[in-house]
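For reference, the structure is listed below as structure tokens.
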Amino acid sequence: MKVFETNRLIGRWLTTDDAEFILELLNEPSWIEFIGDKGVRTLEDARNYILRGPVDMYNRLGFGLYLTELKEEGTPIGICGLIKRDDLEDVDIGFAFLPRFWAKGYAYESASATMAYGKDVLGLTRIVGITSPNNHSSAKLLEKLGLQFERMVKFPHDSQELKLFAIET
């Protein structure tokens, strides 16, 4: 299901057909450093990640992480979407892109469309974003989207504190 469309991008629900892309993305050094090692090592692991993560969230809440692809070629370049974590009161925006697609404005373009979808379609009145303290690029993007640093948070399953940014939509 298509969720957003911009001049250059389409955001749509992930399916198990996207397993090869997810396997590549989740094993990028930047993903492992800033998001964490999810233990996805095979196509079967990737299919399970998609089913137990995004697809489960679509079924329960109607939103989740979306595959972001180039509109013209249909090439998957990253994921961007809205996540409801058990440890956070608010819905947060998440994004990750393959490094070869960094610094081209795709993250901002897809995140802006995702934020608009959250506000206009889902009726969210507040959206947060979390980053590791040393993920300066993601923090900069959250600020460009209008989110402001609010506080440090620590989840029970995490060893490090994370920066929490927020915006009232």
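Residue numbering restarts at 1 in every chain; chains get A, B, ... in the order shown in the structure tokens, and ligands count up from 1 in that same order.
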
Would you mind listing what lies within 12 Å of Ala103 (chain A) as a short mmCIF file (atom, residue, chain, number, x, y, z; two decimals) with N, CA, C and O atoms, in the first residue's frame, with only C-alpha atoms counted and same-chain residues fewer than 4 positions away left out?
```cif
data_model
loop_
_atom_site.label_atom_id
_atom_site.label_comp_id
_atom_site.auth_asym_id
_atom_site.auth_seq_id
_atom_site.Cartn_x
_atom_site.Cartn_y
_atom_site.Cartn_z
N PHE A 97 18.77 4.97 5.62
CA PHE A 97 18.98 4.87 4.18
C PHE A 97 20.33 4.23 3.89
O PHE A 97 21.26 4.35 4.70
N LEU A 98 20.42 3.56 2.76
CA LEU A 98 21.70 3.02 2.34
C LEU A 98 22.67 4.19 2.12
O LEU A 98 22.27 5.22 1.55
N PRO A 99 23.92 4.05 2.56
CA PRO A 99 24.86 5.18 2.46
C PRO A 99 25.02 5.78 1.07
O PRO A 99 25.23 6.98 0.94
N ALA A 107 16.23 11.67 2.68
CA ALA A 107 15.75 11.47 4.05
C ALA A 107 14.81 12.60 4.46
O ALA A 107 13.73 12.35 5.01
N TYR A 108 15.19 13.82 4.15
CA TYR A 108 14.33 14.96 4.49
C TYR A 108 13.01 14.89 3.72
O TYR A 108 11.94 15.10 4.28
N GLU A 109 13.09 14.57 2.45
CA GLU A 109 11.90 14.49 1.59
C GLU A 109 10.92 13.43 2.10
O GLU A 109 9.72 13.68 2.23
N SER A 137 24.02 13.39 12.23
CA SER A 137 23.25 13.58 10.99
C SER A 137 21.76 13.43 11.24
O SER A 137 20.96 14.22 10.75
N SER A 138 21.38 12.40 12.00
CA SER A 138 19.95 12.21 12.30
C SER A 138 19.41 13.33 13.18
O SER A 138 18.29 13.80 12.97
N LEU A 141 18.79 16.27 11.00
CA LEU A 141 17.58 16.08 10.19
C LEU A 141 16.33 16.31 11.04
O LEU A 141 15.39 16.98 10.60
#
```

Could you make a table, as JSON lines, of the residues of region 18-129 of chain A that have an atom within 12 Å of an atom of region 153-160 of chain A, each with its nearest atom pair and distance in Å to one decimal, counting only C-alpha atoms, in chain and number order?
```
{"residue": "A:Phe34", "atom": "CA", "partner": "A:Gln160", "partner_atom": "CA", "distance": 11.1}
{"residue": "A:Ile35", "atom": "CA", "partner": "A:Asp158", "partner_atom": "CA", "distance": 10.8}
{"residue": "A:Gly36", "atom": "CA", "partner": "A:Asp158", "partner_atom": "CA", "distance": 9.9}
{"residue": "A:Arg85", "atom": "CA", "partner": "A:Phe155", "partner_atom": "CA", "distance": 10.2}
{"residue": "A:Asp86", "atom": "CA", "partner": "A:Phe155", "partner_atom": "CA", "distance": 9.6}
{"residue": "A:Asp87", "atom": "CA", "partner": "A:Phe155", "partner_atom": "CA", "distance": 6.4}
{"residue": "A:Leu88", "atom": "CA", "partner": "A:Phe155", "partner_atom": "CA", "distance": 8.7}
{"residue": "A:Glu89", "atom": "CA", "partner": "A:Val153", "partner_atom": "CA", "distance": 11.8}
{"residue": "A:Val128", "atom": "CA", "partner": "A:Val153", "partner_atom": "CA", "distance": 11.8}
{"residue": "A:Gly129", "atom": "CA", "partner": "A:Val153", "partner_atom": "CA", "distance": 11.2}
```

Include N, CA and C atoms and write out the residues we just selected as a compact mmCIF listing (two decimals), in the first residue's frame.
```txt
# COMPACT_ATOMS: atom_id res chain seq x y z
N PHE A 34 24.27 2.92 14.79
CA PHE A 34 23.31 3.89 15.31
C PHE A 34 21.97 3.31 15.73
N ILE A 35 21.58 2.18 15.17
CA ILE A 35 20.27 1.60 15.50
C ILE A 35 20.45 0.31 16.30
N GLY A 36 21.42 -0.49 15.89
CA GLY A 36 21.69 -1.72 16.63
C GLY A 36 21.64 -2.94 15.74
N ARG A 85 6.56 2.63 19.98
CA ARG A 85 7.36 1.77 20.85
C ARG A 85 6.68 1.64 22.21
N ASP A 86 6.79 0.48 22.80
CA ASP A 86 6.20 0.27 24.13
C ASP A 86 6.79 1.23 25.16
N ASP A 87 8.05 1.60 24.98
CA ASP A 87 8.74 2.42 25.98
C ASP A 87 8.57 3.92 25.78
N LEU A 88 7.84 4.33 24.75
CA LEU A 88 7.62 5.76 24.51
C LEU A 88 6.13 6.04 24.47
N GLU A 89 5.75 7.16 25.08
CA GLU A 89 4.34 7.55 25.09
C GLU A 89 3.87 7.97 23.69
N VAL A 128 7.69 12.37 18.01
CA VAL A 128 9.03 12.45 18.57
C VAL A 128 10.01 11.71 17.66
N GLY A 129 11.27 11.92 17.93
CA GLY A 129 12.34 11.21 17.25
C GLY A 129 13.43 10.94 18.25
```

Original post:
Could you work out how far CA of Val121 (chain A) lies from CA of Arg151 (chain A), giving the answer in Å with one decimal?
Top reply: 27.7 Å

**OP:** Per DSSP on the backbone, filter region 6-140 of chain A down to the residues in helix (DSSP H, G or I) and report them as a ChimeraX atom specification.
**Re:** /A:16-26,29-34,43-61,99-101,106-120,136-140

With C-alpha atoms retained, export the selected residues as a compact mmCIF listing (two decimals), in the first residue's frame.
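Final output, again-v2.txt:
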```txt
# COMPACT_ATOMS: atom_id res chain seq x y z
CA THR A 16 8.35 -10.06 2.46
CA ASP A 17 9.33 -9.41 -1.17
CA ASP A 18 11.58 -6.65 0.25
CA ALA A 19 13.66 -9.14 2.27
CA GLU A 20 16.80 -8.81 0.13
CA PHE A 21 16.83 -5.03 0.57
CA ILE A 22 16.14 -5.29 4.33
CA LEU A 23 18.97 -7.81 4.69
CA GLU A 24 21.35 -5.31 3.07
CA LEU A 25 20.11 -2.28 5.04
CA LEU A 26 20.13 -3.94 8.47
CA PRO A 29 27.74 -0.59 9.49
CA SER A 30 25.82 2.68 10.02
CA TRP A 31 22.62 0.76 10.92
CA ILE A 32 24.48 -1.44 13.37
CA GLU A 33 26.28 1.56 14.93
CA PHE A 34 23.31 3.89 15.31
CA LEU A 43 16.75 -13.77 3.78
CA GLU A 44 14.57 -15.80 6.14
CA ASP A 45 15.66 -13.56 9.04
CA ALA A 46 14.81 -10.52 6.93
CA ARG A 47 11.36 -11.88 6.05
CA ASN A 48 10.72 -12.56 9.76
CA TYR A 49 11.91 -9.06 10.67
CA ILE A 50 9.44 -7.57 8.18
CA LEU A 51 6.55 -9.75 9.40
CA ARG A 52 7.19 -9.32 13.14
CA GLY A 53 8.03 -5.62 12.91
CA PRO A 54 6.49 -3.42 10.23
CA VAL A 55 3.73 -5.80 9.03
CA ASP A 56 2.61 -6.53 12.59
CA MET A 57 2.50 -2.79 13.32
CA TYR A 58 0.49 -2.09 10.12
CA ASN A 59 -2.03 -4.72 11.22
CA ARG A 60 -2.26 -3.46 14.81
CA LEU A 61 -2.00 0.31 14.34
CA PRO A 99 24.86 5.18 2.46
CA ARG A 100 25.03 5.53 -1.33
CA PHE A 101 21.78 7.54 -1.11
CA TYR A 106 15.94 11.84 0.27
CA ALA A 107 15.75 11.47 4.05
CA TYR A 108 14.33 14.96 4.49
CA GLU A 109 11.90 14.49 1.59
CA SER A 110 10.55 11.18 2.88
CA ALA A 111 10.52 12.26 6.53
CA SER A 112 8.60 15.46 5.66
CA ALA A 113 6.01 13.40 3.77
CA THR A 114 5.83 10.91 6.66
CA MET A 115 5.31 13.71 9.20
CA ALA A 116 2.52 15.20 7.05
CA TYR A 117 0.90 11.76 6.80
CA GLY A 118 1.09 11.37 10.59
CA LYS A 119 -0.54 14.73 11.17
CA ASP A 120 -3.07 14.88 8.32
CA HIS A 136 24.72 14.00 14.50
CA SER A 137 23.25 13.58 10.99
CA SER A 138 19.95 12.21 12.30
CA ALA A 139 19.77 14.88 15.01
CA LYS A 140 20.34 17.55 12.37
```

**OP:** Determine, counting only C-alpha atoms, which protein, DNA and RNA residues have an atom within 10 Å of an atom of Glu72 (chain A); residues of the same chain fewer than 6 positions away are not included. Present the result as a list of chain:residue names.
**Re:** A:Asn7, A:Arg8, A:Leu9, A:Ile10

Original post:
Please, which residues of region 7-125 of chain A, numbered as in this document, come out strand (DSSP E) from DSSP, as JSON, numbers by chain?
Top reply: {"A": [9, 10, 11, 12, 13, 65, 66, 67, 68, 69, 70, 76, 77, 78, 79, 80, 81, 82, 83, 91, 92, 93, 94, 95, 96, 97]}

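Taking CA of Glu73 (chain A) and CA of Lys38 (chain A) as endpoints, the distance between them is 28.6 Å.
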
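Using only C-alpha atoms, the shortest contact distance between Glu161 (chain A) and any of A:Leu147, A:Ala96, A:Leu70, A:Ile130 is found at A:Ile130.
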